[in-house]
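See below for entry_12.txt, which holds compact mmCIF, C-alpha atoms.
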# COMPACT_ATOMS: atom_id res chain seq x y z
CA MET M 23 87.74 100.14 15.52
CA PRO M 24 90.20 100.37 18.48
CA ASP M 25 93.62 98.88 17.94
CA SER M 26 95.21 96.10 20.02
CA GLN M 27 98.21 98.04 21.37
CA ASP M 28 98.95 97.17 25.00
CA ALA M 29 96.09 94.67 25.08
CA PRO M 30 96.71 91.87 27.63
CA ASP M 31 97.16 88.28 26.64
CA GLY M 32 93.93 86.31 26.52
CA GLN M 33 91.43 84.65 24.28
CA ALA M 34 89.88 86.94 21.74
CA VAL M 35 86.22 86.37 20.93
CA THR M 36 83.47 87.93 18.86
CA VAL M 37 79.74 87.43 18.78
CA PRO M 38 79.02 85.16 15.81
CA THR M 39 76.27 86.00 13.38
CA THR M 40 74.45 82.83 14.48
CA PRO M 41 74.53 81.02 17.85
CA PRO M 42 77.44 78.57 17.89
CA GLY M 43 76.63 74.96 18.63
CA THR M 44 73.06 75.41 17.47
CA THR M 45 73.28 76.56 13.85
CA PRO M 46 75.65 74.85 11.41
CA PRO M 47 77.52 76.88 8.77
CA THR M 48 74.71 76.22 6.31
CA PRO M 49 71.67 78.36 5.42
CA PRO M 50 69.02 78.56 8.18
CA GLY M 51 66.56 75.70 8.05
CA LYS M 52 68.89 73.49 6.02
CA ALA M 53 70.42 70.24 7.23
CA PRO M 54 74.20 70.16 7.71
CA THR M 55 76.17 69.16 4.66
CA GLU M 56 77.37 65.56 4.55
CA PRO M 57 81.02 66.50 5.30
CA LEU M 58 79.91 68.62 8.25
CA ALA M 59 77.64 65.88 9.56
CA GLN M 60 80.48 63.35 9.37
CA ALA M 61 82.92 65.76 11.05
CA ARG M 62 80.47 66.18 13.93
CA ARG M 63 79.94 62.43 14.10
CA ALA M 64 83.70 61.81 14.30
CA ALA M 65 84.15 64.51 16.96
CA ALA M 66 81.32 63.08 19.06
CA ALA M 67 82.79 59.57 18.87
CA LEU M 68 86.26 60.80 19.86
CA ARG M 69 84.75 62.83 22.71
CA THR M 70 83.01 59.72 24.04
CA LEU M 71 86.11 57.58 23.54
CA ALA M 72 88.14 60.03 25.62
CA GLY M 73 85.76 59.43 28.51
CA HIS M 74 86.09 55.66 28.15
CA LEU M 75 89.89 55.88 28.14
CA ALA M 76 89.88 58.22 31.13
CA THR M 77 87.81 55.87 33.29
CA GLY M 78 88.12 52.31 31.97
CA ASP M 79 90.68 49.62 32.88
CA MET M 80 90.73 47.76 29.59
CA PRO M 81 92.34 44.42 28.71
CA LEU M 82 95.68 44.70 26.93
CA ASP M 83 94.34 43.28 23.66
CA ASP M 84 91.55 45.85 23.59
CA LEU M 85 93.96 48.68 24.36
CA ARG M 86 96.23 47.54 21.53
CA ALA M 87 93.28 47.44 19.12
CA ILE M 88 92.14 50.92 20.16
CA ALA M 89 95.67 52.32 19.87
CA ASP M 90 96.13 50.71 16.44
CA ALA M 91 92.84 52.15 15.22
CA ALA M 92 93.66 55.59 16.65
CA GLU M 93 97.06 55.66 14.96
CA LEU M 94 95.50 54.60 11.67
CA MET M 95 92.91 57.38 11.91
CA GLU M 96 95.60 59.94 12.74
CA GLU M 97 97.62 58.85 9.72
CA GLN M 98 94.55 59.15 7.49
CA ALA M 99 93.75 62.66 8.75
CA ARG M 100 97.34 63.98 8.79
CA PRO M 101 97.53 65.10 5.12
CA TYR M 102 94.63 67.50 5.66
CA ALA M 103 95.82 69.02 8.94
CA ARG M 104 96.60 72.73 9.29
CA SER M 105 98.82 74.46 11.83
CA SER M 106 95.80 76.57 12.86
CA ARG M 107 92.07 76.51 12.25
CA TYR M 108 92.53 80.08 10.96
CA ASP M 109 94.84 78.96 8.15
CA GLY M 110 93.24 79.44 4.75
CA ARG M 111 90.44 81.57 6.22
CA ALA M 112 89.91 85.30 6.13
CA GLY M 113 89.64 85.24 9.92
CA LEU M 114 86.91 86.33 12.29
CA ARG M 115 85.14 89.51 11.26
CA ILE M 116 81.93 90.92 12.64
CA GLY M 117 79.11 89.82 10.34
CA SER M 118 81.33 87.62 8.14
CA ALA M 119 79.99 84.35 6.73
CA ASP M 120 83.48 82.88 7.25
CA ASN M 121 82.96 83.02 11.01
CA ALA M 122 80.74 79.95 11.02
CA VAL M 123 83.52 77.58 9.96
CA LEU M 124 85.81 78.86 12.72
CA TRP M 125 83.07 78.66 15.35
CA GLU M 126 82.27 75.11 14.22
CA ARG M 127 85.83 74.10 15.23
CA HIS M 128 86.03 76.10 18.45
CA PRO M 129 87.53 74.09 21.38
CA ILE M 130 84.70 74.96 23.77
CA PHE M 131 81.52 75.09 21.67
CA GLY M 132 82.46 73.68 18.28
CA LEU M 133 80.46 70.58 17.39
CA SER M 134 83.26 69.48 15.06
CA HIS M 135 85.94 69.79 17.77
CA PRO M 136 86.54 66.58 19.77
CA PHE M 137 87.67 68.49 22.90
CA ALA M 138 84.56 70.67 23.08
CA PRO M 139 81.97 69.53 25.71
CA PRO M 140 80.28 71.22 23.69
CA LEU M 141 78.77 74.38 25.15
CA VAL M 142 75.56 75.40 23.33
CA ILE M 143 74.91 79.15 23.43
CA GLU M 144 71.81 81.18 22.61
CA ARG M 145 71.38 84.93 22.66
CA ARG M 146 68.37 86.16 24.60
CA GLY M 147 67.97 89.90 24.20
CA GLU M 148 71.01 91.56 25.77
CA ALA M 149 72.11 88.40 27.57
CA PHE M 150 73.32 84.90 26.71
CA HIS M 151 72.10 81.49 27.82
CA GLY M 152 74.39 78.45 27.66
CA GLU M 153 73.90 74.74 28.25
CA ALA M 154 76.48 71.99 28.67
CA SER M 155 77.08 68.62 30.28
CA LEU M 156 80.70 67.62 30.91
CA GLY M 157 81.35 63.88 31.12
CA PRO M 158 84.05 61.77 32.78
CA ALA M 159 86.80 63.10 30.49
CA TYR M 160 86.47 66.44 32.31
CA GLU M 161 86.53 65.03 35.85
CA GLY M 162 88.72 66.59 38.56
CA SER M 163 87.80 65.57 42.10
CA ARG M 164 85.62 62.47 42.40
CA ASN M 165 82.48 62.83 40.28
CA ASN M 166 83.04 66.58 39.81
CA VAL M 167 84.05 68.71 36.83
CA HIS M 168 87.59 70.11 37.03
CA GLY M 169 87.51 73.82 37.81
CA GLY M 170 89.74 74.64 34.85
CA TYR M 171 87.08 73.44 32.42
CA LEU M 172 84.46 75.53 34.21
CA ALA M 173 86.78 78.52 33.81
CA ALA M 174 86.88 77.87 30.05
CA LEU M 175 83.07 77.85 29.92
CA PHE M 176 82.96 81.12 31.82
CA ASP M 177 85.58 82.72 29.55
CA VAL M 178 83.37 82.05 26.54
CA MET M 179 80.14 83.14 28.20
CA LEU M 180 81.69 86.34 29.53
CA GLY M 181 83.28 87.02 26.16
CA TYR M 182 79.97 86.66 24.37
CA ALA M 183 78.38 89.21 26.68
CA ALA M 184 81.30 91.64 26.45
CA ALA M 185 81.25 91.45 22.66
CA LEU M 186 77.80 93.05 22.73
CA SER M 187 79.82 96.27 22.97
CA GLY M 188 80.17 95.92 19.21
CA THR M 189 83.96 95.54 19.12
CA LEU M 190 86.42 92.68 18.88
CA ILE M 191 87.61 91.84 22.38
CA ALA M 192 90.22 89.89 24.33
CA THR M 193 90.11 88.58 27.88
CA GLY M 194 91.99 90.81 30.32
CA THR M 195 91.15 89.36 33.74
CA MET M 196 88.58 86.88 35.01
CA THR M 197 87.55 86.17 38.60
CA ILE M 198 85.58 83.02 39.49
CA ARG M 199 83.83 82.16 42.75
CA TYR M 200 83.31 78.42 43.06
CA ARG M 201 80.39 78.13 45.47
CA ALA M 202 79.65 74.39 45.21
CA PRO M 203 81.01 71.34 43.36
CA VAL M 204 79.73 70.81 39.83
CA PRO M 205 79.01 67.11 39.13
CA ILE M 206 80.06 65.49 35.87
CA SER M 207 77.39 64.29 33.41
CA THR M 208 74.90 66.84 34.75
CA SER M 209 72.89 69.45 32.85
CA LEU M 210 74.49 72.84 33.46
CA ARG M 211 72.99 76.23 32.71
CA LEU M 212 75.12 79.35 32.25
CA GLU M 213 73.94 82.93 31.99
CA SER M 214 75.93 86.05 31.15
CA GLU M 215 75.36 89.74 30.48
CA ILE M 216 77.39 92.81 29.69
CA GLY M 217 78.27 95.28 32.42
CA GLU M 218 80.05 98.63 32.42
CA VAL M 219 81.79 99.88 29.28
CA ASP M 220 84.61 102.38 29.84
CA GLY M 221 86.49 103.16 26.65
CA ARG M 222 88.37 100.01 25.61
CA LYS M 223 87.47 98.28 28.88
CA ILE M 224 84.31 96.15 28.93
CA ARG M 225 83.04 94.25 31.96
CA ALA M 226 80.71 91.25 32.02
CA VAL M 227 79.21 88.93 34.63
CA ALA M 228 78.10 85.29 34.48
CA ARG M 229 76.82 82.48 36.65
CA LEU M 230 76.55 78.69 36.43
CA LEU M 231 73.45 76.96 37.75
CA ILE M 232 72.19 73.43 38.28
CA GLY M 233 68.44 73.72 38.52
CA ASP M 234 67.88 76.94 40.47
CA THR M 235 71.09 76.67 42.52
CA VAL M 236 74.10 78.83 41.66
CA HIS M 237 77.27 76.72 41.78
CA ALA M 238 79.73 79.31 40.47
CA GLN M 239 79.89 82.97 39.51
CA ALA M 240 82.35 84.93 37.41
CA ASP M 241 83.13 88.45 36.33
CA GLY M 242 85.53 89.48 33.61
CA LEU M 243 87.30 92.50 32.24
CA PHE M 244 87.75 92.52 28.47
CA ILE M 245 89.78 94.81 26.25
CA SER M 246 88.76 96.02 22.82
CA VAL M 247 91.35 94.89 20.23
CA GLY M 248 92.06 95.30 16.55
CA PRO M 249 91.19 92.92 13.71
CA GLU M 250 94.73 91.52 13.53
CA TRP M 251 93.89 89.31 16.51
CA PHE M 252 91.50 87.37 14.33
CA THR M 253 92.79 87.52 10.79
CA SER M 254 95.38 85.39 9.04
CA PRO M 255 98.66 87.13 8.12
CA ASP M 256 98.99 88.18 4.49
Translate this file's structure into structure tokens.
Amino acid sequence: MPDSQDAPDGQAVTVPTTPPGTTPPTPPGKAPTEPLAQARRAAAALRTLAGHLATGDMPLDDLRAIADAAELMEEQARPYARSSRYDGRAGLRIGSADNAVLWERHPIFGLSHPFAPPLVIERRGEAFHGEASLGPAYEGSRNNVHGGYLAALFDVMLGYAAALSGTLIATGTMTIRYRAPVPISTSLRLESEIGEVDGRKIRAVARLLIGDTVHAQADGLFISVGPEWFTSPD
């Protein structure tokens, strides 16, 4: 496997053994475990609450009650917090069963991550199909998704496609063409596929659609890196 020397800064990604956001880290056909189900429930509630706080002008008493409850929840969760979601894990490895736990907590597609929209991704042959709907918490200009969040979606979709090269990869550069505003709370479809592979350099392309209309396009250059990008230090 190529090493990571001189690799540019960026987010490293690998293709998981199962589509993130669609298959929990449990055997296929099985329901999520109770702890996983409750983690997803808590993340979904916090995700919705963030939208309410971002848009609502609430009475002082209600704000105090929400703040009190939030601080109590933070205090309850604090003893179990880690400095990184990689802590205590072997790290991401191609084909590893440990990947599922890390994907579950990914900030873009992890169902147990309260910041994730989430983006649901499915592999279709040599391409990837993604679906997402970003609510008011992700709003930039009036009624539209902030472009930075769209960039995060593209980074993941491009990374998935580039990882079809069979190596661990990191984002080198990414270029986005915003062709039309992307409304909040709207069903978005993303598609990506791998392009040219030249040694450690892998290119990928992606597009974001609403219905049949392309609202944004992206292309990325990814660099093959070594396993130390994904594994916990000894």
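Taking atom CA of M:Arg146 as the reference point, atom CA of M:Ala112 is found at 28.4 Å.
Across M:Gly188, M:Gly248, M:Gly152, M:Gly110, the tightest approach to M:Glu213 is made by M:Gly152 when counting only C-alpha atoms.
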Subject >> Point-to-point distance from atom CA of M:Arg211 to atom CA of M:Gly233, Å rounded to tenths >> reply: 7.8 Å
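Using only C-alpha atoms, the smallest distance between any of M:Ser214, M:Leu230, M:Ser246, M:Arg225 and M:Tyr200 comes from M:Leu230.
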Original post:
Hey, can you check how far atom CA of M:Ser134 sits from atom CA of M:Ala99?
Top reply: 14.0 Å
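Using all atoms listed in the file for every distance, the candidate list M:Leu180, M:Leu85, M:Val167, M:Leu68 yields M:Leu180 as the residue closest to M:Met196.
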Could you give me the axis-aligned bounding box of stretch 184-192 of chain M, with 6 Å of padding per side, as centre plus edge lengths in Å to one decimal, as lines of an AutoDock Vina configuration file?
center_x = 84.0
center_y = 93.1
center_z = 22.7
size_x = 24.4
size_y = 18.4
size_z = 19.6
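Among the candidate residues M:Ile245, M:Val219, M:Ala238, M:Leu156, the one lying nearest to M:Pro205 is M:Leu156, with distances computed using all atoms listed in the file.
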Rebuild N, CA and C atoms on stretch 86-101 of chain M, as a CSV table (one decimal), in the coordinates of the input?
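Final file, part_28.csv:
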chain,number,residue,atom,x,y,z
M,86,ARG,N,95.4,47.6,22.8
M,86,ARG,CA,96.2,47.5,21.5
M,86,ARG,C,95.4,47.8,20.3
M,87,ALA,N,94.2,47.2,20.3
M,87,ALA,CA,93.3,47.4,19.1
M,87,ALA,C,92.8,48.9,19.0
M,88,ILE,N,92.5,49.5,20.2
M,88,ILE,CA,92.1,50.9,20.2
M,88,ILE,C,93.3,51.8,19.7
M,89,ALA,N,94.5,51.5,20.2
M,89,ALA,CA,95.7,52.3,19.9
M,89,ALA,C,96.0,52.2,18.4
M,90,ASP,N,95.9,50.9,17.9
M,90,ASP,CA,96.1,50.7,16.4
M,90,ASP,C,95.1,51.5,15.6
M,91,ALA,N,93.9,51.4,16.0
M,91,ALA,CA,92.8,52.2,15.2
M,91,ALA,C,93.0,53.7,15.3
M,92,ALA,N,93.4,54.2,16.5
M,92,ALA,CA,93.7,55.6,16.6
M,92,ALA,C,94.8,56.1,15.8
M,93,GLU,N,95.9,55.3,15.8
M,93,GLU,CA,97.1,55.7,15.0
M,93,GLU,C,96.7,55.6,13.5
M,94,LEU,N,95.9,54.7,13.1
M,94,LEU,CA,95.5,54.6,11.7
M,94,LEU,C,94.7,55.8,11.3
M,95,MET,N,93.7,56.2,12.2
M,95,MET,CA,92.9,57.4,11.9
M,95,MET,C,93.8,58.7,11.8
M,96,GLU,N,94.7,58.8,12.8
M,96,GLU,CA,95.6,59.9,12.7
M,96,GLU,C,96.4,60.0,11.4
M,97,GLU,N,96.9,58.9,11.0
M,97,GLU,CA,97.6,58.8,9.7
M,97,GLU,C,96.7,59.2,8.5
M,98,GLN,N,95.5,58.8,8.6
M,98,GLN,CA,94.6,59.2,7.5
M,98,GLN,C,94.2,60.6,7.5
M,99,ALA,N,94.1,61.2,8.7
M,99,ALA,CA,93.8,62.7,8.8
M,99,ALA,C,94.9,63.6,8.6
M,100,ARG,N,96.2,63.1,8.8
M,100,ARG,CA,97.3,64.0,8.8
M,100,ARG,C,97.5,64.8,7.5
M,101,PRO,N,97.3,64.3,6.3
M,101,PRO,CA,97.5,65.1,5.1
M,101,PRO,C,96.7,66.4,5.0
